[in-house]
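Structure data (PDB, N, CA, C and O atoms) from entry_36.pdb:
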```pdb
ATOM      1  N   GLU A  62     106.986  91.448  94.794
ATOM      2  CA  GLU A  62     107.880  92.583  94.652
ATOM      3  C   GLU A  62     109.280  92.189  95.127
ATOM      4  O   GLU A  62     109.455  91.830  96.286
ATOM      5  N   PRO A  63     110.263  92.240  94.271
ATOM      6  CA  PRO A  63     111.624  91.816  94.617
ATOM      7  C   PRO A  63     112.235  92.564  95.802
ATOM      8  O   PRO A  63     112.959  91.976  96.597
ATOM      9  N   VAL A  64     111.941  93.853  95.937
ATOM     10  CA  VAL A  64     112.511  94.615  97.049
ATOM     11  C   VAL A  64     111.976  94.096  98.378
ATOM     12  O   VAL A  64     112.711  93.980  99.362
ATOM     13  N   ARG A  65     110.709  93.748  98.422
ATOM     14  CA  ARG A  65     110.132  93.221  99.668
ATOM     15  C   ARG A  65     110.774  91.899 100.039
ATOM     16  O   ARG A  65     111.027  91.634 101.217
ATOM     17  N   LEU A  66     111.057  91.084  99.054
ATOM     18  CA  LEU A  66     111.748  89.826  99.339
ATOM     19  C   LEU A  66     113.154  90.087  99.862
ATOM     20  O   LEU A  66     113.621  89.410 100.777
ATOM     21  N   GLN A  67     113.834  91.091  99.306
ATOM     22  CA  GLN A  67     115.163  91.455  99.798
ATOM     23  C   GLN A  67     115.088  91.918 101.256
ATOM     24  O   GLN A  67     115.955  91.587 102.067
ATOM     25  N   ILE A  68     114.062  92.680 101.580
ATOM     26  CA  ILE A  68     113.888  93.153 102.954
ATOM     27  C   ILE A  68     113.648  91.981 103.889
ATOM     28  O   ILE A  68     114.260  91.890 104.960
ATOM     29  N   VAL A  69     112.770  91.072 103.500
ATOM     30  CA  VAL A  69     112.491  89.902 104.340
ATOM     31  C   VAL A  69     113.760  89.091 104.547
ATOM     32  O   VAL A  69     114.070  88.668 105.665
ATOM     33  N   ARG A  70     114.510  88.892 103.495
ATOM     34  CA  ARG A  70     115.772  88.147 103.618
ATOM     35  C   ARG A  70     116.739  88.872 104.556
ATOM     36  O   ARG A  70     117.408  88.253 105.375
ATOM     37  N   ALA A  71     116.822  90.181 104.445
ATOM     38  CA  ALA A  71     117.724  90.951 105.306
ATOM     39  C   ALA A  71     117.299  90.842 106.768
ATOM     40  O   ALA A  71     118.147  90.726 107.661
ATOM     41  N   LEU A  72     115.999  90.854 107.015
ATOM     42  CA  LEU A  72     115.495  90.795 108.384
ATOM     43  C   LEU A  72     115.652  89.413 109.012
ATOM     44  O   LEU A  72     115.488  89.270 110.223
ATOM     45  N   GLN A  73     115.980  88.421 108.208
ATOM     46  CA  GLN A  73     116.265  87.096 108.773
ATOM     47  C   GLN A  73     117.468  87.179 109.715
ATOM     48  O   GLN A  73     117.571  86.387 110.645
ATOM     49  N   ALA A  74     118.373  88.118 109.479
ATOM     50  CA  ALA A  74     119.569  88.264 110.314
ATOM     51  C   ALA A  74     119.252  88.936 111.650
ATOM     52  O   ALA A  74     120.049  88.884 112.565
ATOM     53  N   GLY A  75     118.097  89.566 111.745
ATOM     54  CA  GLY A  75     117.716  90.251 112.973
ATOM     55  C   GLY A  75     117.099  91.601 112.683
ATOM     56  O   GLY A  75     117.003  92.019 111.525
ATOM     57  N   PRO A  76     116.679  92.294 113.740
ATOM     58  CA  PRO A  76     116.017  93.593 113.580
ATOM     59  C   PRO A  76     116.918  94.612 112.901
ATOM     60  O   PRO A  76     118.126  94.620 113.117
ATOM     61  N   MET A  77     116.285  95.466 112.101
ATOM     62  CA  MET A  77     117.009  96.530 111.403
ATOM     63  C   MET A  77     116.137  97.769 111.335
ATOM     64  O   MET A  77     114.912  97.681 111.250
ATOM     65  N   SER A  78     116.796  98.919 111.324
ATOM     66  CA  SER A  78     116.086 100.186 111.140
ATOM     67  C   SER A  78     115.963 100.465 109.643
ATOM     68  O   SER A  78     116.603  99.799 108.820
ATOM     69  N   VAL A  79     115.175 101.465 109.315
ATOM     70  CA  VAL A  79     115.050 101.869 107.916
ATOM     71  C   VAL A  79     116.417 102.272 107.378
ATOM     72  O   VAL A  79     116.802 101.891 106.268
ATOM     73  N   SER A  80     117.179 102.995 108.180
ATOM     74  CA  SER A  80     118.519 103.437 107.753
ATOM     75  C   SER A  80     119.429 102.248 107.462
ATOM     76  O   SER A  80     120.189 102.264 106.490
ATOM     77  N   ASP A  81     119.360 101.215 108.314
ATOM     78  CA  ASP A  81     120.161 100.002 108.086
ATOM     79  C   ASP A  81     119.819  99.382 106.742
ATOM     80  O   ASP A  81     120.696  99.001 105.967
ATOM     81  N   LEU A  82     118.525  99.282 106.468
ATOM     82  CA  LEU A  82     118.070  98.661 105.227
ATOM     83  C   LEU A  82     118.417  99.516 104.011
ATOM     84  O   LEU A  82     118.765  98.985 102.957
ATOM     85  N   VAL A  83     118.346 100.828 104.159
ATOM     86  CA  VAL A  83     118.710 101.738 103.058
ATOM     87  C   VAL A  83     120.163 101.514 102.658
ATOM     88  O   VAL A  83     120.493 101.391 101.473
ATOM     89  N   MET A  84     121.042 101.435 103.657
ATOM     90  CA  MET A  84     122.463 101.231 103.361
ATOM     91  C   MET A  84     122.711  99.844 102.780
ATOM     92  O   MET A  84     123.464  99.695 101.816
ATOM     93  N   LEU A  85     122.066  98.839 103.329
ATOM     94  CA  LEU A  85     122.264  97.473 102.872
ATOM     95  C   LEU A  85     121.769  97.272 101.443
ATOM     96  O   LEU A  85     122.448  96.673 100.612
ATOM     97  N   LEU A  86     120.581  97.781 101.147
ATOM     98  CA  LEU A  86     119.960  97.554  99.842
ATOM     99  C   LEU A  86     120.312  98.628  98.815
ATOM    100  O   LEU A  86     119.975  98.485  97.638
ATOM    101  N   GLU A  87     120.943  99.696  99.280
ATOM    102  CA  GLU A  87     121.322 100.804  98.405
ATOM    103  C   GLU A  87     120.116 101.368  97.642
ATOM    104  O   GLU A  87     120.139 101.534  96.429
ATOM    105  N   LEU A  88     119.070 101.658  98.401
ATOM    106  CA  LEU A  88     117.845 102.228  97.848
ATOM    107  C   LEU A  88     117.528 103.527  98.561
ATOM    108  O   LEU A  88     118.095 103.836  99.606
ATOM    109  N   GLU A  89     116.598 104.293  97.996
ATOM    110  CA  GLU A  89     116.142 105.532  98.616
ATOM    111  C   GLU A  89     115.311 105.218  99.858
ATOM    112  O   GLU A  89     114.555 104.232  99.880
ATOM    113  N   MET A  90     115.436 106.072 100.871
ATOM    114  CA  MET A  90     114.711 105.859 102.121
ATOM    115  C   MET A  90     113.199 105.801 101.902
ATOM    116  O   MET A  90     112.517 104.979 102.502
ATOM    117  N   VAL A  91     112.685 106.648 101.029
ATOM    118  CA  VAL A  91     111.242 106.665 100.786
ATOM    119  C   VAL A  91     110.765 105.320 100.214
ATOM    120  O   VAL A  91     109.686 104.846 100.570
ATOM    121  N   ASN A  92     111.562 104.699  99.371
ATOM    122  CA  ASN A  92     111.188 103.408  98.797
ATOM    123  C   ASN A  92     111.210 102.309  99.847
ATOM    124  O   ASN A  92     110.292 101.490  99.919
ATOM    125  N   VAL A  93     112.257 102.282 100.662
ATOM    126  CA  VAL A  93     112.354 101.269 101.718
ATOM    127  C   VAL A  93     111.204 101.445 102.709
ATOM    128  O   VAL A  93     110.559 100.468 103.107
ATOM    129  N   SER A  94     110.920 102.681 103.089
ATOM    130  CA  SER A  94     109.818 102.955 104.014
ATOM    131  C   SER A  94     108.491 102.469 103.458
ATOM    132  O   SER A  94     107.676 101.891 104.181
ATOM    133  N   HIS A  95     108.271 102.717 102.179
ATOM    134  CA  HIS A  95     107.036 102.262 101.538
ATOM    135  C   HIS A  95     106.903 100.742 101.621
ATOM    136  O   HIS A  95     105.849 100.221 102.010
ATOM    137  N   HIS A  96     107.952 100.024 101.270
ATOM    138  CA  HIS A  96     107.900  98.562 101.283
ATOM    139  C   HIS A  96     107.745  98.023 102.703
ATOM    140  O   HIS A  96     107.012  97.052 102.927
ATOM    141  N   LEU A  97     108.386  98.666 103.666
ATOM    142  CA  LEU A  97     108.223  98.245 105.060
ATOM    143  C   LEU A  97     106.790  98.464 105.528
ATOM    144  O   LEU A  97     106.233  97.641 106.269
ATOM    145  N   ARG A  98     106.188  99.546 105.112
ATOM    146  CA  ARG A  98     104.789  99.826 105.478
ATOM    147  C   ARG A  98     103.875  98.740 104.912
ATOM    148  O   ARG A  98     102.976  98.248 105.599
ATOM    149  N   VAL A  99     104.110  98.326 103.675
ATOM    150  CA  VAL A  99     103.313  97.255 103.066
ATOM    151  C   VAL A  99     103.508  95.948 103.838
ATOM    152  O   VAL A  99     102.537  95.251 104.162
ATOM    153  N   LEU A 100     104.760  95.622 104.163
ATOM    154  CA  LEU A 100     105.041  94.395 104.920
ATOM    155  C   LEU A 100     104.429  94.453 106.320
ATOM    156  O   LEU A 100     103.939  93.451 106.833
ATOM    157  N   PHE A 101     104.430  95.634 106.932
ATOM    158  CA  PHE A 101     103.837  95.809 108.254
ATOM    159  C   PHE A 101     102.322  95.578 108.198
ATOM    160  O   PHE A 101     101.769  94.848 109.019
ATOM    161  N   HIS A 102     101.661  96.180 107.224
ATOM    162  CA  HIS A 102     100.205  96.025 107.107
ATOM    163  C   HIS A 102      99.811  94.603 106.701
ATOM    164  O   HIS A 102      98.690  94.177 106.971
ATOM    165  N   ALA A 103     100.722  93.875 106.090
ATOM    166  CA  ALA A 103     100.480  92.467 105.748
ATOM    167  C   ALA A 103     100.829  91.549 106.916
ATOM    168  O   ALA A 103     100.723  90.329 106.806
ATOM    169  N   ASN A 104     101.264  92.135 108.041
ATOM    170  CA  ASN A 104     101.595  91.388 109.247
ATOM    171  C   ASN A 104     102.831  90.496 109.076
ATOM    172  O   ASN A 104     102.984  89.502 109.767
ATOM    173  N   ILE A 105     103.701  90.853 108.163
ATOM    174  CA  ILE A 105     104.925  90.076 107.925
ATOM    175  C   ILE A 105     106.058  90.598 108.791
ATOM    176  O   ILE A 105     106.916  89.829 109.222
ATOM    177  N   VAL A 106     106.046  91.902 109.083
ATOM    178  CA  VAL A 106     107.043  92.473 109.984
ATOM    179  C   VAL A 106     106.340  93.176 111.143
ATOM    180  O   VAL A 106     105.177  93.580 111.035
ATOM    181  N   THR A 107     107.062  93.293 112.249
ATOM    182  CA  THR A 107     106.585  94.052 113.401
ATOM    183  C   THR A 107     107.598  95.153 113.674
ATOM    184  O   THR A 107     108.706  95.142 113.128
ATOM    185  N   THR A 108     107.216  96.102 114.525
ATOM    186  CA  THR A 108     108.109  97.213 114.841
ATOM    187  C   THR A 108     108.362  97.280 116.338
ATOM    188  O   THR A 108     107.557  96.819 117.149
ATOM    189  N   GLU A 109     109.501  97.875 116.673
ATOM    190  CA  GLU A 109     109.857  98.128 118.063
ATOM    191  C   GLU A 109     110.619  99.439 118.108
ATOM    192  O   GLU A 109     111.567  99.635 117.348
ATOM    193  N   ARG A 110     110.184 100.327 118.975
ATOM    194  CA  ARG A 110     110.819 101.636 119.079
ATOM    195  C   ARG A 110     111.937 101.575 120.118
ATOM    196  O   ARG A 110     111.787 101.028 121.194
ATOM    197  N   ASP A 111     113.077 102.176 119.751
ATOM    198  CA  ASP A 111     114.209 102.331 120.666
ATOM    199  C   ASP A 111     114.659 103.783 120.555
ATOM    200  O   ASP A 111     115.391 104.142 119.626
ATOM    201  N   GLY A 112     114.186 104.606 121.467
ATOM    202  CA  GLY A 112     114.463 106.040 121.385
ATOM    203  C   GLY A 112     113.767 106.617 120.170
ATOM    204  O   GLY A 112     112.575 106.452 119.988
ATOM    205  N   LYS A 113     114.539 107.275 119.314
ATOM    206  CA  LYS A 113     113.925 107.862 118.117
ATOM    207  C   LYS A 113     113.921 106.911 116.924
ATOM    208  O   LYS A 113     113.426 107.237 115.865
ATOM    209  N   PHE A 114     114.502 105.716 117.101
ATOM    210  CA  PHE A 114     114.586 104.752 116.010
ATOM    211  C   PHE A 114     113.502 103.695 116.120
ATOM    212  O   PHE A 114     113.129 103.287 117.217
ATOM    213  N   ILE A 115     113.020 103.260 114.966
ATOM    214  CA  ILE A 115     112.075 102.149 114.899
ATOM    215  C   ILE A 115     112.783 101.000 114.211
ATOM    216  O   ILE A 115     113.350 101.168 113.131
ATOM    217  N   TYR A 116     112.774  99.862 114.865
ATOM    218  CA  TYR A 116     113.410  98.674 114.310
ATOM    219  C   TYR A 116     112.342  97.714 113.816
ATOM    220  O   TYR A 116     111.311  97.521 114.467
ATOM    221  N   TYR A 117     112.594  97.152 112.654
ATOM    222  CA  TYR A 117     111.686  96.194 112.035
ATOM    223  C   TYR A 117     112.271  94.797 112.196
ATOM    224  O   TYR A 117     113.476  94.602 112.122
ATOM    225  N   ARG A 118     111.390  93.848 112.434
ATOM    226  CA  ARG A 118     111.801  92.453 112.525
ATOM    227  C   ARG A 118     110.708  91.591 111.908
ATOM    228  O   ARG A 118     109.560  92.028 111.785
ATOM    229  N   LEU A 119     111.079  90.388 111.513
ATOM    230  CA  LEU A 119     110.074  89.465 110.999
ATOM    231  C   LEU A 119     109.102  89.140 112.114
ATOM    232  O   LEU A 119     109.508  88.989 113.272
ATOM    233  N   ASN A 120     107.844  89.020 111.792
ATOM    234  CA  ASN A 120     106.800  88.710 112.764
ATOM    235  C   ASN A 120     107.002  87.278 113.263
ATOM    236  O   ASN A 120     106.743  86.322 112.544
ATOM    237  N   GLN A 121     107.465  87.146 114.486
ATOM    238  CA  GLN A 121     107.761  85.829 115.050
ATOM    239  C   GLN A 121     106.514  84.968 115.187
ATOM    240  O   GLN A 121     106.572  83.746 115.034
ATOM    241  N   GLU A 122     105.372  85.587 115.461
ATOM    242  CA  GLU A 122     104.117  84.820 115.572
ATOM    243  C   GLU A 122     103.743  84.212 114.223
ATOM    244  O   GLU A 122     103.273  83.083 114.151
ATOM    245  N   LEU A 123     103.953  84.961 113.163
ATOM    246  CA  LEU A 123     103.682  84.448 111.830
ATOM    247  C   LEU A 123     104.602  83.278 111.521
ATOM    248  O   LEU A 123     104.177  82.258 110.986
ATOM    249  N   LEU A 124     105.871  83.420 111.884
ATOM    250  CA  LEU A 124     106.828  82.345 111.620
ATOM    251  C   LEU A 124     106.495  81.095 112.426
ATOM    252  O   LEU A 124     106.616  79.975 111.925
ATOM    253  N   LYS A 125     106.035  81.269 113.666
ATOM    254  CA  LYS A 125     105.683  80.123 114.503
ATOM    255  C   LYS A 125     104.429  79.421 113.999
ATOM    256  O   LYS A 125     104.300  78.215 114.125
ATOM    257  N   SER A 126     103.499  80.178 113.430
ATOM    258  CA  SER A 126     102.208  79.615 113.043
ATOM    259  C   SER A 126     102.159  79.090 111.620
ATOM    260  O   SER A 126     101.176  78.502 111.210
ATOM    261  N   ARG A 127     103.219  79.286 110.843
ATOM    262  CA  ARG A 127     103.171  78.843 109.449
ATOM    263  C   ARG A 127     103.106  77.326 109.385
ATOM    264  O   ARG A 127     103.688  76.623 110.202
ATOM    265  N   THR A 128     102.402  76.829 108.409
ATOM    266  CA  THR A 128     102.212  75.392 108.290
ATOM    267  C   THR A 128     103.394  74.703 107.631
ATOM    268  O   THR A 128     103.690  73.566 107.927
ATOM    269  N   VAL A 129     104.057  75.389 106.727
ATOM    270  CA  VAL A 129     105.270  74.854 106.123
ATOM    271  C   VAL A 129     106.415  75.310 107.014
ATOM    272  O   VAL A 129     106.608  76.495 107.210
ATOM    273  N   THR A 130     107.177  74.390 107.563
ATOM    274  CA  THR A 130     108.100  74.720 108.642
ATOM    275  C   THR A 130     109.305  75.549 108.243
ATOM    276  O   THR A 130     109.888  76.196 109.076
ATOM    277  N   LYS A 131     109.702  75.551 107.004
ATOM    278  CA  LYS A 131     110.922  76.264 106.638
ATOM    279  C   LYS A 131     110.723  77.301 105.544
ATOM    280  O   LYS A 131     111.680  77.691 104.896
ATOM    281  N   SER A 132     109.490  77.763 105.300
ATOM    282  CA  SER A 132     109.300  78.744 104.245
ATOM    283  C   SER A 132     108.055  79.585 104.472
ATOM    284  O   SER A 132     107.175  79.209 105.229
ATOM    285  N   LEU A 133     108.034  80.722 103.825
ATOM    286  CA  LEU A 133     106.849  81.571 103.758
ATOM    287  C   LEU A 133     106.369  81.568 102.322
ATOM    288  O   LEU A 133     107.144  81.842 101.415
ATOM    289  N   ASP A 134     105.107  81.262 102.122
ATOM    290  CA  ASP A 134     104.544  81.224 100.784
ATOM    291  C   ASP A 134     103.677  82.460 100.596
ATOM    292  O   ASP A 134     102.657  82.610 101.255
ATOM    293  N   PHE A 135     104.093  83.356  99.699
ATOM    294  CA  PHE A 135     103.367  84.595  99.447
ATOM    295  C   PHE A 135     102.384  84.478  98.283
ATOM    296  O   PHE A 135     101.811  85.455  97.859
ATOM    297  N   GLY A 136     102.210  83.295  97.743
ATOM    298  CA  GLY A 136     101.343  83.108  96.595
ATOM    299  C   GLY A 136     102.092  83.294  95.293
ATOM    300  O   GLY A 136     102.145  82.401  94.475
ATOM    301  N   CYS A 137     102.710  84.456  95.138
ATOM    302  CA  CYS A 137     103.485  84.733  93.919
ATOM    303  C   CYS A 137     104.862  84.103  93.981
ATOM    304  O   CYS A 137     105.470  83.828  92.960
ATOM    305  N   CYS A 138     105.330  83.874  95.174
ATOM    306  CA  CYS A 138     106.678  83.321  95.361
ATOM    307  C   CYS A 138     106.786  82.702  96.745
ATOM    308  O   CYS A 138     105.940  82.941  97.605
ATOM    309  N   LYS A 139     107.825  81.946  96.940
ATOM    310  CA  LYS A 139     108.053  81.254  98.192
ATOM    311  C   LYS A 139     109.446  81.611  98.691
ATOM    312  O   LYS A 139     110.407  81.603  97.934
ATOM    313  N   LEU A 140     109.554  81.949  99.977
ATOM    314  CA  LEU A 140     110.823  82.326 100.557
ATOM    315  C   LEU A 140     111.232  81.261 101.556
ATOM    316  O   LEU A 140     110.540  81.016 102.540
ATOM    317  N   ASP A 141     112.354  80.606 101.306
ATOM    318  CA  ASP A 141     112.886  79.608 102.216
ATOM    319  C   ASP A 141     113.594  80.314 103.357
ATOM    320  O   ASP A 141     114.390  81.220 103.126
ATOM    321  N   LEU A 142     113.295  79.878 104.579
ATOM    322  CA  LEU A 142     113.894  80.464 105.766
ATOM    323  C   LEU A 142     114.882  79.481 106.372
ATOM    324  O   LEU A 142     114.613  78.287 106.460
ATOM    325  N   ARG A 143     115.993  79.995 106.809
ATOM    326  CA  ARG A 143     116.999  79.169 107.477
ATOM    327  C   ARG A 143     117.097  79.590 108.918
ATOM    328  O   ARG A 143     117.020  80.763 109.237
ATOM    329  N   ASP A 144     117.296  78.637 109.790
ATOM    330  CA  ASP A 144     117.459  78.939 111.217
ATOM    331  C   ASP A 144     118.841  79.456 111.508
ATOM    332  O   ASP A 144     119.769  79.238 110.826
TER     333      ASP A 144
END
```
Using structure tokens, write down the structure that the file contains.
Amino acid sequence: EPVRLQIVRALQAGPMSVSDLVMLLELEMVNVSHHLRVLFHANIVTTERDGKFIYYRLNQELLKSRTVTKSLDFGCCKLDLRD
């Protein structure tokens, strides 16, 4: 799903809230929330609450444990990660 790849790429810069991602990707909040929920259940992103906001970030444990050092392979596509 192209939107999920856009979200993963955006989260490479650091944690973001749903509102941050909505503004960045210019999508409806319900769509961004749906894709974040899918990424969360796939263990690709984690959440952290700060007051009433929830921030999403790439799962650092997943990034540390990947066998290919500079990419995530989703089967359908591969995302190159930069430090």
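Distance-wise, CA of Leu82 in chain A and atom O of Tyr117 in chain A end up 9.2 Å apart.
Every residue that the PyMOL selection byres ((chain A and resi 78) around 5) selects in this file is listed here: Pro76, Met77, Val79, Ser80, Asp81, Leu82, Ile115, Tyr116 and Tyr117 of chain A.
Run against this file, the PyMOL selection byres ((chain A and resi 105) around 5) gives back Leu100, Phe101, Ala103, Asn104, Val106, Thr107, Arg118, Leu119 and Asn120 of chain A.
Considering the residues A:Leu123, A:Val99, A:Val91, A:Leu86 and counting only C-alpha atoms, Ala71 in chain A has its shortest atom-to-atom contact with A:Leu86.
The spacing separating CA of Val69 in chain A from atom N of Leu97 in chain A amounts to 9.7 Å.
You will find atom C of Glu62 in chain A at 16.6 Å from atom N of Leu85 in chain A.
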* So, counting only C-alpha atoms, which residue among A:His96, A:Met90, A:His102, A:Met84 is closest to Ile68 in chain A? -> A:His96
* Residues of range 63-129 of chain A in alpha helix (DSSP H), written as number ranges by chain -> A: 63-72, 79-86, 90-102, 121-126
